[in-house]
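Single-structure report; data block below.
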Amino acid sequence: MGRPFKQYLNGPRIYSCATCRAHAADHDDIISKEFQGRHGRAYLINNAVNVSLGPREERVLITGLHTVADIFCTCCNSVLGWKYEHAFEESQKYKEGKFIIEKAKVMKRCLVTRGS
């Protein structure tokens, strides 16, 4: 099968898989830090990289019924969160196509630049 292709993000604050440190999301893509995942706090983000989607399933979450697909790190296969595929309630439609990344499953990497 071969090695998976890894995408690298540029930016001062990057979230990486806590297991293998593959880049997963850019801090600038965070929409909200006020979400709840299976393992505690979670981030709602616009875009995720180095993830693959599991099968779609309907789940009853805190905000109602949604069709979601778990997202897995393409490098180590750890579950990082899920992707909202469909929201049944009109007030939750803004989540469609967005990702939940669980804080417990990623680590924040900050690039420190030093002046000369």
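Starting from 1 in every chain, residues are counted up; chains themselves are A, B, ... following the order of the structure tokens, and ligands are numbered from 1 as listed.
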**Report entry** Selection: 8 Å around stretch 63-75 of chain A, only C-alpha atoms, excl. self and same-chain fewer than 2 positions, as a PyMOL selection string
**Finding:** chain A and resi 4+6+17+20+22+24+50-61+77-89+92
query = Can you list, as a ChimeraX atom specification, every residue of stretch 12-83 of chain A that DSSP puts in strand (DSSP E or B)?
reply = /A:13-17,23-26,30-37,40-45,51-61,64-73,79-83
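When the distance limit is 10 Å and only C-alpha atoms are what count, the residues near A:Glu102, minus those fewer than 4 positions from it on the same chain, are Lys33, Phe35, Gln36, Gly37, Arg38, His39, Gly40, Arg41, Ala42, Tyr43, Leu44, Val79, Leu80, Gly81, Trp82, Val106 and Met107 of chain A.
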What lies within 7 Å of A:Asp26 using only C-alpha atoms, ignoring chain neighbours under 3 positions off, as a PDB file with N, CA, C and O atoms, in the first residue's frame?
```
ATOM      1  N   LEU A   9       1.186  22.071   7.312  1.00  0.00           N
ATOM      2  CA  LEU A   9       0.587  23.395   7.391  1.00  0.00           C
ATOM      3  C   LEU A   9       1.639  24.426   7.772  1.00  0.00           C
ATOM      4  O   LEU A   9       2.556  24.129   8.535  1.00  0.00           O
ATOM      5  N   ARG A  13       0.598  28.667  14.715  1.00  0.00           N
ATOM      6  CA  ARG A  13      -0.059  27.762  15.665  1.00  0.00           C
ATOM      7  C   ARG A  13      -0.760  26.650  14.899  1.00  0.00           C
ATOM      8  O   ARG A  13      -1.738  26.884  14.206  1.00  0.00           O
ATOM      9  N   ILE A  14      -0.249  25.449  15.050  1.00  0.00           N
ATOM     10  CA  ILE A  14      -0.743  24.274  14.336  1.00  0.00           C
ATOM     11  C   ILE A  14      -1.164  23.225  15.353  1.00  0.00           C
ATOM     12  O   ILE A  14      -0.479  23.012  16.352  1.00  0.00           O
ATOM     13  N   TYR A  15      -2.283  22.563  15.104  1.00  0.00           N
ATOM     14  CA  TYR A  15      -2.711  21.442  15.933  1.00  0.00           C
ATOM     15  C   TYR A  15      -2.323  20.149  15.237  1.00  0.00           C
ATOM     16  O   TYR A  15      -2.586  19.968  14.048  1.00  0.00           O
ATOM     17  N   ASP A  29      -8.219  28.327  11.448  1.00  0.00           N
ATOM     18  CA  ASP A  29      -9.439  27.677  10.963  1.00  0.00           C
ATOM     19  C   ASP A  29     -10.440  27.382  12.072  1.00  0.00           C
ATOM     20  O   ASP A  29     -11.532  26.877  11.812  1.00  0.00           O
TER      21      ASP A  29
END
```
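Using only C-alpha atoms, the residues found no farther than 8 Å from A:Val49, other than those of its own chain fewer than 3 positions away, are Gln7, His23, Ala24 and Ala25 of chain A.
Here atom CA of A:Asn47 and atom CA of A:Asp28 stand 9.8 Å from one another.
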